[in-house]
Amino acid sequence: MSQASMENLRKFVAPEFVFGVGARRLVGQFARNFSVRRVLVVVDEVVRGLPWATDVLGSLDQANLEYRLFSDLSPNPRAEEVMRGARYYLQEDCQAIVALGGGSVLDCAKGIGIVCVNNRPILDFEGVDNVPVPGPPLICIPTTAGSSADVSQFAIITDQARKVKIAIVSKAMVPDIALIDPETTTSMSPHLTACTGYDALTHAVEAYASNASSPITDLHALEAVRLTGRHLPQAVEAPLDMEARSGMMLASLYAGLAFSNASLGATHAMAHSLGGLLDLPHGECNAILLSRVVDFNFHAIPDRYLRVAEALGVGCRGLEADGQRQALVEGLVALRRQVGLTRDLGDLGVSPSDILELSRQAVCDPCMVTNPVHPAVEDIERIYA
């Protein structure tokens, strides 16, 4: 095989998943299939008080499985929280993990699993393909439509000592089962719906623009863009609209399958830096940054961004390249504002004095490697500014 054909090889990894209303109630059946007797349920305090938690724990009871609860975690999961969860897993002699919640909960659960099996600190696994042995059986039940942690080979963990978010990227991080139930997202506030939905859009756009994209990831990415443009405003406006909720959950799934295999870009690298240094909300940071990064990248892959614009419903045909760029940028901003995400970085507490350190961290993020343009620190500074 020639070197050129070798360079075109792409792999695609995905977990087994069940999609549809009521999928959460299958957790006991799937956990029992792993021939375990006790599972660790990772769930945050908010979701722990919702009906979805009652359904999941009831399903485990019906399957005659013991469980222990771990809920000592933050919205941006921290390394020490992962380590506490791993100690609790081993102390209670658990054999599998069930994660119920948003991306933070699912990432924490992934981290707990690989720490327990490999007997190493979570920060040792930073980077790509640095997890020697996969964790114990992991079932993920997402309650937000955006992070896609339930189907991806990514986990994002905060290192508070360095004030950075580290990315752990490995097929060992792909869950065994994802039970994707759109009904669980009806408990999200309009603001959280908007933030997580725009995160799904950012995953899709960056996966399509990635220099590691492939025909398979392209299909998933563009469909995720279409679904988000069609359903996100309605999901924010009418939280109990199951067609909108299902559309957004499907968008999150497609976007996750795309970015898990094509990786991401500068938007996520910059959002990770903001989350690590200033502990800011990930989805909202993506929403603020995406249009600016697209504006910066556009000249490198105008044809790809034109297809993104068309999928989003932004009319660009007949325009010159600069007009297409402006139309897409304005379309992304318009959607952000339509769903109520009107704040900018300054409103979130970012100051000019933060920008240099934020930029230095962002250019070192693994997601920057697959951005279609390789920016200098000065470029990232200008985008933040």
# chains A, B, ... in the order shown; residues from 1 in each chain; ligands from 1
>>> select_by_dssp(residues="range 158-246 of chain A", states="helix (DSSP H, G or I)", output="VMD selection string")
chain A and resid 171 to 173 182 to 187 190 to 209 215 to 237 242 to 246
>>> atom_distance(atom1="CA of Asn64 in chain A", atom2="CA of Leu138 in chain A")
18.0 Å
>>> select_by_dssp(residues="range 142-261 of chain A", states="strand (DSSP E or B)", output="list in words")
Pro142, Phe154, Ala155, Ile156, Ile157, Thr158, Asp159, Val164, Lys165, Ile166, Ala167, Ile168, Val169, Ile177, Ala178, Leu179 and Ile180 of chain A
>>> write_last_selection(atoms="C-alpha atoms", output="compact mmCIF listing (two decimals), in the first residue's frame")
# COMPACT_ATOMS: atom_id res chain seq x y z
CA PRO A 142 -26.97 11.42 29.21
CA PHE A 154 -12.88 12.03 24.97
CA ALA A 155 -12.87 12.90 28.66
CA ILE A 156 -12.12 16.44 29.86
CA ILE A 157 -10.79 16.79 33.43
CA THR A 158 -9.72 19.95 35.28
CA ASP A 159 -6.23 20.11 36.77
CA VAL A 164 -6.05 23.83 32.86
CA LYS A 165 -8.52 21.36 31.45
CA ILE A 166 -6.76 18.26 30.20
CA ALA A 167 -8.08 16.12 27.37
CA ILE A 168 -7.86 12.35 27.58
CA VAL A 169 -8.47 10.86 24.14
CA ILE A 177 -23.36 1.11 26.38
CA ALA A 178 -25.12 4.46 25.88
CA LEU A 179 -28.82 4.63 26.79
CA ILE A 180 -29.90 7.82 25.04
>>> residues_around(residues="range 92-95 of chain A", least_positions_apart="5", cutoff="7 Å", atoms="only C-alpha atoms", output="list in words")
Val36, Arg38, Val39, Leu40 and Pro136 of chain A
>>> write_last_selection(atoms="all heavy atoms", output="mmCIF file, in the first residue's frame")
data_model
loop_
_atom_site.group_PDB
_atom_site.id
_atom_site.type_symbol
_atom_site.label_atom_id
_atom_site.label_comp_id
_atom_site.auth_asym_id
_atom_site.auth_seq_id
_atom_site.Cartn_x
_atom_site.Cartn_y
_atom_site.Cartn_z
ATOM 1 N N VAL A 36 -22.216 -8.705 36.796
ATOM 2 C CA VAL A 36 -21.678 -8.030 37.976
ATOM 3 C C VAL A 36 -22.742 -8.058 39.071
ATOM 4 O O VAL A 36 -23.919 -8.296 38.807
ATOM 5 C CB VAL A 36 -21.291 -6.570 37.661
ATOM 6 C CG1 VAL A 36 -20.201 -6.543 36.596
ATOM 7 C CG2 VAL A 36 -22.496 -5.750 37.202
ATOM 8 N N ARG A 38 -22.477 -5.515 41.830
ATOM 9 C CA ARG A 38 -22.577 -4.195 42.445
ATOM 10 C C ARG A 38 -21.987 -3.149 41.487
ATOM 11 O O ARG A 38 -20.893 -3.342 40.966
ATOM 12 C CB ARG A 38 -21.834 -4.156 43.773
ATOM 13 C CG ARG A 38 -21.956 -2.811 44.511
ATOM 14 C CD ARG A 38 -21.216 -2.843 45.846
ATOM 15 N NE ARG A 38 -21.763 -3.875 46.712
ATOM 16 C CZ ARG A 38 -21.025 -4.722 47.433
ATOM 17 N NH1 ARG A 38 -19.704 -4.640 47.386
ATOM 18 N NH2 ARG A 38 -21.611 -5.624 48.195
ATOM 19 N N VAL A 39 -22.736 -2.068 41.303
ATOM 20 C CA VAL A 39 -22.274 -1.021 40.395
ATOM 21 C C VAL A 39 -22.143 0.294 41.153
ATOM 22 O O VAL A 39 -22.825 0.532 42.159
ATOM 23 C CB VAL A 39 -23.237 -0.833 39.197
ATOM 24 C CG1 VAL A 39 -23.401 -2.132 38.432
ATOM 25 C CG2 VAL A 39 -24.590 -0.286 39.647
ATOM 26 N N LEU A 40 -21.246 1.139 40.676
ATOM 27 C CA LEU A 40 -21.145 2.502 41.174
ATOM 28 C C LEU A 40 -21.974 3.397 40.263
ATOM 29 O O LEU A 40 -21.762 3.426 39.048
ATOM 30 C CB LEU A 40 -19.688 2.980 41.160
ATOM 31 C CG LEU A 40 -19.464 4.409 41.673
ATOM 32 C CD1 LEU A 40 -19.700 4.473 43.183
ATOM 33 C CD2 LEU A 40 -18.055 4.902 41.335
ATOM 34 N N PRO A 136 -13.551 -0.592 33.734
ATOM 35 C CA PRO A 136 -14.592 -1.609 33.894
ATOM 36 C C PRO A 136 -15.798 -1.268 33.021
ATOM 37 O O PRO A 136 -15.863 -0.175 32.434
ATOM 38 C CB PRO A 136 -14.935 -1.515 35.379
ATOM 39 C CG PRO A 136 -14.599 -0.107 35.746
ATOM 40 C CD PRO A 136 -13.405 0.259 34.926
#
>>> closest_residue(among="A:Arg25, A:His282, A:Arg48, A:His231", to="Gly101 in chain A", atoms="only C-alpha atoms")
A:Arg48
>>> residues_around(residues="Ile216 in chain A", least_positions_apart="4", cutoff="12 Å", atoms="only C-alpha atoms", output="JSON, numbers by chain")
{"A": [9, 10, 11, 12, 13, 207, 208, 212, 220, 221, 222, 223, 254, 255, 257, 258, 259, 260, 261, 262]}
>>> residues_around(residues="Ser187 in chain A", least_positions_apart="3", cutoff="10 Å", atoms="only C-alpha atoms", output="ChimeraX atom specification")
/A:47,50-52,143-144,183-184,190,192-193,239-240
>>> residues_around(residues="Gln62 in chain A", least_positions_apart="3", cutoff="9 Å", atoms="only C-alpha atoms", output="ChimeraX atom specification")
/A:28-29,57-59,65
>>> closest_residue(among="A:Pro77, A:Val308, A:Tyr198, A:Met270", to="Val377 in chain A", atoms="only C-alpha atoms")
A:Met270
>>> closest_residue(among="A:Ser213, A:Asn33, A:Thr196, A:Thr54", to="Ser104 in chain A", atoms="only C-alpha atoms")
A:Thr196
>>> closest_residue(among="A:Val205, A:Ala200, A:Met242, A:Ala31", to="Leu328 in chain A", atoms="only C-alpha atoms")
A:Val205
>>> atom_distance(atom1="CA of Gly247 in chain A", atom2="CA of Thr185 in chain A")
11.3 Å
>>> decode(residues="range 362-379 of chain A", atoms="N, CA, C and O atoms", output="PDB file, in the first residue's frame")
ATOM      1  N   ALA A 362      -4.278  27.529  25.213  1.00  0.00           N
ATOM      2  CA  ALA A 362      -5.103  27.057  24.104  1.00  0.00           C
ATOM      3  C   ALA A 362      -4.273  26.465  22.971  1.00  0.00           C
ATOM      4  O   ALA A 362      -4.654  25.445  22.384  1.00  0.00           O
ATOM      5  N   VAL A 363      -3.144  27.082  22.632  1.00  0.00           N
ATOM      6  CA  VAL A 363      -2.362  26.572  21.506  1.00  0.00           C
ATOM      7  C   VAL A 363      -1.751  25.207  21.814  1.00  0.00           C
ATOM      8  O   VAL A 363      -1.351  24.497  20.892  1.00  0.00           O
ATOM      9  N   CYS A 364      -1.694  24.826  23.080  1.00  0.00           N
ATOM     10  CA  CYS A 364      -1.138  23.519  23.471  1.00  0.00           C
ATOM     11  C   CYS A 364      -2.207  22.446  23.594  1.00  0.00           C
ATOM     12  O   CYS A 364      -1.890  21.267  23.829  1.00  0.00           O
ATOM     13  N   ASP A 365      -3.479  22.818  23.446  1.00  0.00           N
ATOM     14  CA  ASP A 365      -4.573  21.859  23.592  1.00  0.00           C
ATOM     15  C   ASP A 365      -4.579  20.879  22.413  1.00  0.00           C
ATOM     16  O   ASP A 365      -4.368  21.278  21.266  1.00  0.00           O
ATOM     17  N   PRO A 366      -4.822  19.577  22.654  1.00  0.00           N
ATOM     18  CA  PRO A 366      -4.828  18.600  21.554  1.00  0.00           C
ATOM     19  C   PRO A 366      -5.822  18.934  20.441  1.00  0.00           C
ATOM     20  O   PRO A 366      -5.602  18.565  19.288  1.00  0.00           O
ATOM     21  N   CYS A 367      -6.915  19.615  20.780  1.00  0.00           N
ATOM     22  CA  CYS A 367      -7.906  19.953  19.753  1.00  0.00           C
ATOM     23  C   CYS A 367      -7.358  20.911  18.711  1.00  0.00           C
ATOM     24  O   CYS A 367      -7.859  20.970  17.583  1.00  0.00           O
ATOM     25  N   MET A 368      -6.327  21.660  19.054  1.00  0.00           N
ATOM     26  CA  MET A 368      -5.758  22.621  18.106  1.00  0.00           C
ATOM     27  C   MET A 368      -5.065  21.921  16.946  1.00  0.00           C
ATOM     28  O   MET A 368      -4.946  22.475  15.840  1.00  0.00           O
ATOM     29  N   VAL A 369      -4.635  20.679  17.153  1.00  0.00           N
ATOM     30  CA  VAL A 369      -3.893  19.947  16.119  1.00  0.00           C
ATOM     31  C   VAL A 369      -4.741  19.736  14.872  1.00  0.00           C
ATOM     32  O   VAL A 369      -4.226  19.753  13.740  1.00  0.00           O
ATOM     33  N   THR A 370      -6.065  19.556  15.043  1.00  0.00           N
ATOM     34  CA  THR A 370      -6.931  19.266  13.902  1.00  0.00           C
ATOM     35  C   THR A 370      -7.695  20.489  13.403  1.00  0.00           C
ATOM     36  O   THR A 370      -8.572  20.362  12.546  1.00  0.00           O
ATOM     37  N   ASN A 371      -7.381  21.666  13.925  1.00  0.00           N
ATOM     38  CA  ASN A 371      -7.957  22.885  13.373  1.00  0.00           C
ATOM     39  C   ASN A 371      -7.435  23.078  11.943  1.00  0.00           C
ATOM     40  O   ASN A 371      -6.264  22.807  11.676  1.00  0.00           O
ATOM     41  N   PRO A 372      -8.259  23.513  11.006  1.00  0.00           N
ATOM     42  CA  PRO A 372      -7.800  23.620   9.612  1.00  0.00           C
ATOM     43  C   PRO A 372      -6.708  24.655   9.389  1.00  0.00           C
ATOM     44  O   PRO A 372      -6.014  24.618   8.376  1.00  0.00           O
ATOM     45  N   VAL A 373      -6.550  25.583  10.332  1.00  0.00           N
ATOM     46  CA  VAL A 373      -5.459  26.551  10.295  1.00  0.00           C
ATOM     47  C   VAL A 373      -4.669  26.394  11.591  1.00  0.00           C
ATOM     48  O   VAL A 373      -5.262  26.224  12.652  1.00  0.00           O
ATOM     49  N   HIS A 374      -3.345  26.437  11.511  1.00  0.00           N
ATOM     50  CA  HIS A 374      -2.531  26.332  12.716  1.00  0.00           C
ATOM     51  C   HIS A 374      -2.178  27.739  13.192  1.00  0.00           C
ATOM     52  O   HIS A 374      -1.259  28.371  12.656  1.00  0.00           O
ATOM     53  N   PRO A 375      -2.887  28.237  14.197  1.00  0.00           N
ATOM     54  CA  PRO A 375      -2.688  29.627  14.603  1.00  0.00           C
ATOM     55  C   PRO A 375      -1.472  29.806  15.507  1.00  0.00           C
ATOM     56  O   PRO A 375      -1.066  28.890  16.228  1.00  0.00           O
ATOM     57  N   ALA A 376      -0.920  30.991  15.468  1.00  0.00           N
ATOM     58  CA  ALA A 376       0.104  31.398  16.428  1.00  0.00           C
ATOM     59  C   ALA A 376      -0.591  31.919  17.683  1.00  0.00           C
ATOM     60  O   ALA A 376      -1.800  32.187  17.690  1.00  0.00           O
ATOM     61  N   VAL A 377       0.170  32.055  18.751  1.00  0.00           N
ATOM     62  CA  VAL A 377      -0.393  32.587  19.999  1.00  0.00           C
ATOM     63  C   VAL A 377      -1.039  33.949  19.744  1.00  0.00           C
ATOM     64  O   VAL A 377      -2.110  34.252  20.273  1.00  0.00           O
ATOM     65  N   GLU A 378      -0.399  34.748  18.906  1.00  0.00           N
ATOM     66  CA  GLU A 378      -0.927  36.088  18.632  1.00  0.00           C
ATOM     67  C   GLU A 378      -2.291  36.033  17.953  1.00  0.00           C
ATOM     68  O   GLU A 378      -3.160  36.888  18.200  1.00  0.00           O
ATOM     69  N   ASP A 379      -2.503  35.017  17.095  1.00  0.00           N
ATOM     70  CA  ASP A 379      -3.817  34.854  16.459  1.00  0.00           C
ATOM     71  C   ASP A 379      -4.894  34.555  17.488  1.00  0.00           C
ATOM     72  O   ASP A 379      -5.992  35.113  17.440  1.00  0.00           O
TER      73      ASP A 379
END
